[in-house]
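Presented below is the structure to which this report refers.
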Amino acid sequence: MKLVVCGNHPLDQLVEWTVSKFSDVKSRGDSVQRSLGHPRSAEFLGKVIHIETVNDVHEIDISFPVPDVKAMYRSDPFDHISHFLGYKGEGSIIAYLKQQGWATSLSVGADTAYNYGFYEFTVSVSATPEGLEHYEDILRVVFAYVQMLLSSGPQEWVQQEMASMKKIDFDNRTKSRALVVALGYTHLIHNEYVAPEHVLSKECAYEKFNYDDILHCLSFINPDNFRVFLCAAKHKSTECLEIEPYFSAAYHVGGISADLLRELASNTMHVEGLSLPERNLSIPDDFSIKNTNMLGAAAVLRPTLLKLNDNFELWFKQDDQFSSPKGSISLGIYVPNVNSSPQNNIMSDLYCNMLNSKLLEDLHNFVRAERLRSFKVDDTQLSMHISKYRQNYANIANDPPSQLCAVYKRYITSTSEWHHQLLESELAKITPAKLQAHIDSLFDVTYTKMCMVGNFDEAEALKVADNVQTIIKSTPNLGYNLCQPREYNIEAGYYVYQMQLPNEDSVNSAVHSSIYCGPITDKRETAILEILEALVSELVLRVEGESNPMYVTLHINKFIHDMQQSLLDMSDEQFTNRVQSLVKQYQEGVKSISHEAGKYSVEVNNGTYDFGKNIAMAKLLQSIIKEELLEFWNKYINPSTAPVYTRVDVQMWSTKIWRPTESDIKTYPVKTLALYGCLHSEGNESLDIGKVDEFITTAIAAHKEHPETSDSADLLLAALKGASLSASGAMYTTGESAERATHTGTSLELAIKEHETFGNYADVSHTNFATIGMDKTPDGLWLMTDYRKFQATQSMYGSELPAEVLVPKYSS
């Protein structure tokens, strides 16, 4: 066992606690399992393994068994090799593969985490469909690059560059959470070769360049020592007939052709366009601190607006807390037509991804900012990116049900979200000429928000801002085009959106419930909601399972009722402790320059400019009393008392369970549908849903007649737990398990509770949505059939007002 204790208490106190708490843990000695030699023997090499995946992916993994080099941590030879093979600049493997339209990304490295005695070195390629078909050509490119590396030999200047960058990162690293630090070092100290004095500084503990170590490790990256995995949902020329026993994945193992292996092993491998990286001329060497007067001075807790005109604002804050040479520049360019249509949305996104891909190559030398304006669409690159987009959209169908619920909730309530199927349909309409025309006009009208925080001075900030404006050269974007994405102001009512899961193999369903709690502009109610959110998050887990969503909804309603009682039972001490915990979070200072810059950028980009909101929220939280929580709960969350109860549920239904028809939804309340779904899942498919509804009505009446003893209801519940209903309504004994009986019995209990607690939602909504095709349940829930028609009937929340009038320090 290895132990790391990390905290802000004195070292002697940490030692005392550690000794007292862990001394009784008995040592089992060195229990780490070690492998004598690599488990990947020769019989597994020279193979190509086709694997069928659930998601639509095209992955190529070239895997090399290599030795364990933990003892070489001071020279880290595989890091040196990864630097070359994973290089992303001009002449690199990935740059070449992108030019051919064969790959979108590449990662390289040795898997060293938990292996003792062996490593696995892998070159992973995220390929296009064409790239997967050209996997042999991709092998040729990789081994041609390896031969170039062998010919040139390990380079000491590369090791020096890597050591310099690691030392810079180590010397200027930002503060991390104690838990993250502890977890990281716990893993590290399991490496028995790392000297105690190097534990904290291992990442920059490079010693003298070791040519022989690197050459020795590089010798394992050869054509006689690898196998390749091809992963895709479908393989054109290979049928996967073998089934893996644990995950039931279909696969096929074949051999790499002898001719190809001979070609890869020849010393004449050459691919035009590949080249090794040149020296990095942009490694920083000036670490001087601009602000030398920060010691003892109070930190300024907001940025200064240096410049403001019709299409530009510049915010600046010099570092006055961290004495770090780091800085952060946030640049937001607002253009009016980015999200004006699905096609504009996806063309803008394509442009950003293609630009990022190109800039990634340039970053290995010097970024040319002019690319923003002079970008030219490459047909091959566009085709490759569109293929990747189609793949990503197709894979949304395989997302977990709970994740899909969250996606569709955003579709329903946000004005800025386009449905992924709508975006996918636009891909076929995008041509290189159309995308080029969109890019050429994209920056004609702009408004730019820039925030510079860290080791800069005002003169530098103003110079950068001038350069940005010179490059963009645009007409001012009018203020009304700068409004943030807005949410729909859903009118009072209980609305449900149901959807069958597109993944027919999924056995799980899910429910996402959203209850509206007033406008965000009410700061006091926002503070109350913060406290409630903290309390509820301690009790709730996001879950998905095999139960039908109607049944899960009854559980959610029960939680809403029971949570109210929990608030009533909460002691003053518990309330105070929770509030103080929140206050401490809001009073906590920023941890790094990037943390500080991020907070300011959010306020600037949102147009709220409320830089002191954390301090204000901390004060507001301290003024909240427990009774206000109950008042808030009854005002918004408890449907029995809320004057304007507003709720939206998104339900994802598995194809493996019974789902109510449109007629069922119009005829029967949720509690009947929930109970019937439970009975149906237990093999009672022939039951008459009308008889089940009558059964629930009888049970509710019996419970109402004898609430003090519930004898009649208990008898009915016992009967239901031990029996099922026939199609004619008669009882017959079944052999169902106690677990299933409890599931059905719980559903009946929840149905009775639902009737007692919440009753009917019919009086909540006063709009007849039937005219747009929505169905209403007998208990007053509105079922959306087309959420876009529903959106068209709703108003929108206004943008939040700025916290201050903007007055620049300097005139434009």
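Residue numbers start at 1 in each chain; chains themselves are named A, B, ... in the order of the structure tokens; ligands are numbered from 1 in the order shown.
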
Legend entry - Near-region 40-43 of chain A list (9 Å; only C-alpha atoms; drop same-chain fewer than 4 positions) as an NGL selection string: :A and (47 or 65 or 224-225)

Legend entry - Selection near Glu504 (chain A), 9 Å with only C-alpha atoms, sequence-local residues under 6 positions removed, as a PyMOL selection string: chain A and resi 654-656

Inset, instruction - Using backbone DSSP assignments, extract all helix (DSSP H, G or I) residues from region 93-159 of chain A; output them as a VMD selection string. - result: chain A and resid 93 to 100 129 to 133 135 to 152 156 to 159

Let me see the file: selected residues, N, CA, C and O atoms, as a tab-separated table (two decimals), in the first residue's frame.
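Output saved as out.tsv:
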```tsv
chain	number	residue	atom	x	y	z
A	93	ILE	N	3.45	12.94	-39.49
A	93	ILE	CA	2.60	11.82	-39.92
A	93	ILE	C	1.16	12.30	-40.06
A	93	ILE	O	0.51	12.06	-41.09
A	94	ILE	N	0.65	12.98	-39.04
A	94	ILE	CA	-0.76	13.37	-39.06
A	94	ILE	C	-1.01	14.43	-40.12
A	94	ILE	O	-2.08	14.44	-40.76
A	95	ALA	N	-0.06	15.34	-40.34
A	95	ALA	CA	-0.25	16.35	-41.38
A	95	ALA	C	-0.37	15.68	-42.75
A	95	ALA	O	-1.22	16.06	-43.57
A	96	TYR	N	0.44	14.67	-42.99
A	96	TYR	CA	0.38	13.94	-44.26
A	96	TYR	C	-0.94	13.20	-44.40
A	96	TYR	O	-1.59	13.24	-45.45
A	97	LEU	N	-1.37	12.51	-43.33
A	97	LEU	CA	-2.62	11.75	-43.39
A	97	LEU	C	-3.82	12.66	-43.60
A	97	LEU	O	-4.77	12.30	-44.31
A	98	LYS	N	-3.79	13.85	-43.01
A	98	LYS	CA	-4.87	14.82	-43.23
A	98	LYS	C	-4.90	15.28	-44.69
A	98	LYS	O	-5.97	15.42	-45.29
A	99	GLN	N	-3.71	15.51	-45.26
A	99	GLN	CA	-3.66	15.95	-46.65
A	99	GLN	C	-4.25	14.90	-47.59
A	99	GLN	O	-4.87	15.23	-48.60
A	100	GLN	N	-4.09	13.64	-47.24
A	100	GLN	CA	-4.64	12.56	-48.07
A	100	GLN	C	-6.12	12.31	-47.79
A	100	GLN	O	-6.78	11.56	-48.52
A	129	PRO	N	-13.47	6.99	-43.22
A	129	PRO	CA	-13.79	5.71	-43.87
A	129	PRO	C	-12.77	5.33	-44.95
A	129	PRO	O	-12.38	4.17	-45.07
A	130	GLU	N	-12.31	6.35	-45.72
A	130	GLU	CA	-11.31	6.08	-46.75
A	130	GLU	C	-9.98	5.68	-46.11
A	130	GLU	O	-9.26	4.82	-46.62
A	131	GLY	N	-9.67	6.32	-44.98
A	131	GLY	CA	-8.43	5.99	-44.29
A	131	GLY	C	-8.40	4.57	-43.80
A	131	GLY	O	-7.36	3.89	-43.86
A	132	LEU	N	-9.54	4.08	-43.32
A	132	LEU	CA	-9.61	2.70	-42.85
A	132	LEU	C	-9.34	1.74	-44.00
A	132	LEU	O	-8.66	0.71	-43.84
A	133	GLU	N	-9.87	2.07	-45.18
A	133	GLU	CA	-9.61	1.23	-46.35
A	133	GLU	C	-8.14	1.30	-46.76
A	133	GLU	O	-7.62	0.36	-47.37
A	135	TYR	N	-5.56	1.40	-44.72
A	135	TYR	CA	-4.77	1.19	-43.51
A	135	TYR	C	-3.36	0.70	-43.84
A	135	TYR	O	-2.39	1.02	-43.12
A	136	GLU	N	-3.19	-0.03	-44.95
A	136	GLU	CA	-1.86	-0.48	-45.33
A	136	GLU	C	-0.99	0.71	-45.72
A	136	GLU	O	0.22	0.75	-45.42
A	137	ASP	N	-1.59	1.68	-46.40
A	137	ASP	CA	-0.83	2.89	-46.75
A	137	ASP	C	-0.46	3.68	-45.49
A	137	ASP	O	0.63	4.27	-45.42
A	138	ILE	N	-1.36	3.68	-44.52
A	138	ILE	CA	-1.05	4.37	-43.25
A	138	ILE	C	0.10	3.68	-42.54
A	138	ILE	O	0.99	4.34	-41.97
A	139	LEU	N	0.15	2.34	-42.60
A	139	LEU	CA	1.29	1.61	-42.04
A	139	LEU	C	2.57	2.01	-42.75
A	139	LEU	O	3.63	2.21	-42.13
A	140	ARG	N	2.51	2.16	-44.07
A	140	ARG	CA	3.69	2.57	-44.83
A	140	ARG	C	4.19	3.94	-44.37
A	140	ARG	O	5.39	4.17	-44.23
A	141	VAL	N	3.24	4.86	-44.13
A	141	VAL	CA	3.62	6.21	-43.70
A	141	VAL	C	4.29	6.17	-42.33
A	141	VAL	O	5.33	6.80	-42.10
A	142	VAL	N	3.71	5.40	-41.40
A	142	VAL	CA	4.25	5.33	-40.04
A	142	VAL	C	5.66	4.74	-40.06
A	142	VAL	O	6.59	5.28	-39.44
A	143	PHE	N	5.84	3.64	-40.77
A	143	PHE	CA	7.16	3.00	-40.76
A	143	PHE	C	8.18	3.78	-41.58
A	143	PHE	O	9.38	3.73	-41.29
A	144	ALA	N	7.72	4.53	-42.58
A	144	ALA	CA	8.65	5.41	-43.30
A	144	ALA	C	9.17	6.50	-42.36
A	144	ALA	O	10.36	6.86	-42.40
A	145	TYR	N	8.29	7.01	-41.49
A	145	TYR	CA	8.71	8.03	-40.54
A	145	TYR	C	9.67	7.43	-39.51
A	145	TYR	O	10.66	8.07	-39.11
A	146	VAL	N	9.40	6.20	-39.06
A	146	VAL	CA	10.30	5.53	-38.11
A	146	VAL	C	11.68	5.35	-38.74
A	146	VAL	O	12.71	5.55	-38.07
A	147	GLN	N	11.72	4.99	-40.03
A	147	GLN	CA	13.02	4.84	-40.70
A	147	GLN	C	13.77	6.15	-40.78
A	147	GLN	O	15.00	6.20	-40.62
A	148	MET	N	13.04	7.25	-41.01
A	148	MET	CA	13.68	8.57	-41.00
A	148	MET	C	14.29	8.85	-39.64
A	148	MET	O	15.41	9.38	-39.54
A	149	LEU	N	13.56	8.49	-38.59
A	149	LEU	CA	14.03	8.72	-37.23
A	149	LEU	C	15.27	7.87	-36.93
A	149	LEU	O	16.23	8.34	-36.31
A	150	LEU	N	15.26	6.62	-37.41
A	150	LEU	CA	16.42	5.76	-37.21
A	150	LEU	C	17.63	6.28	-37.97
A	150	LEU	O	18.76	6.23	-37.48
A	151	SER	N	17.38	6.78	-39.17
A	151	SER	CA	18.48	7.28	-40.00
A	151	SER	C	19.15	8.49	-39.36
A	151	SER	O	20.38	8.64	-39.39
A	152	SER	N	18.34	9.39	-38.81
A	152	SER	CA	18.89	10.59	-38.19
A	152	SER	C	19.43	10.31	-36.80
A	152	SER	O	20.33	11.01	-36.31
A	156	GLU	N	19.87	15.15	-29.46
A	156	GLU	CA	20.02	15.71	-28.12
A	156	GLU	C	19.28	17.04	-27.98
A	156	GLU	O	18.73	17.36	-26.93
A	157	TRP	N	19.24	17.81	-29.07
A	157	TRP	CA	18.56	19.11	-28.98
A	157	TRP	C	17.06	18.93	-28.71
A	157	TRP	O	16.45	19.78	-28.06
A	158	VAL	N	16.48	17.82	-29.19
A	158	VAL	CA	15.07	17.54	-28.91
A	158	VAL	C	14.88	17.28	-27.43
A	158	VAL	O	13.95	17.79	-26.80
A	159	GLN	N	15.81	16.47	-26.86
A	159	GLN	CA	15.74	16.20	-25.42
A	159	GLN	C	15.88	17.48	-24.61
A	159	GLN	O	15.19	17.68	-23.60
```

Legend entry - strand (DSSP E or B) call set, DSSP backbone run, region 228-458 of chain A, as a PyMOL selection string: chain A and resi 228-232+242-243+250-255+304-309+312-318+327-334+414+445-454

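Residues in contact with region 167-179 of chain A at 9 Å, where only C-alpha atoms are counted and same-chain residues fewer than 5 positions away are skipped, are listed as A:Val5, A:Cys6, A:Gly7, A:Asn8, A:Met162, A:Gly184, A:Ser201, A:Glu203, A:Cys204, A:Ala205, A:Pro284, A:Ser324, A:Pro325, A:Lys326, A:Lys591, A:Ser592, A:Ile593, A:Ser594.
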
Inset, instruction - Find the residue from A:Leu359, A:Ala803, A:Val552, A:Val300 that sits nearest to Asn508 (chain A); use only C-alpha atoms when measuring. - result: A:Val552

Inset, instruction - Considering only C-alpha atoms, state which residue in the set A:Ser387, A:Asn477, A:Asp310, A:Asn267 is at the smallest distance from Asn337 (chain A). - result: A:Asn477

Legend entry - Test item: residues at most 9 Å from Pro660 (chain A), only C-alpha atoms, excluding those fewer than 4 positions along its chain, as a list in words: Asp664, Ile665, Leu673 and Gly677 of chain A

Legend entry - Selected residue, from A:Asn606, A:Gln391, A:Asn311, A:Ser623, that lies nearest to Gln580 (chain A) when counting only C-alpha atoms: A:Ser623

Legend entry - Best match for closeness to Tyr408 (chain A) among A:His512, A:Lys613, A:His561, A:Arg524, counting only C-alpha atoms: A:His512
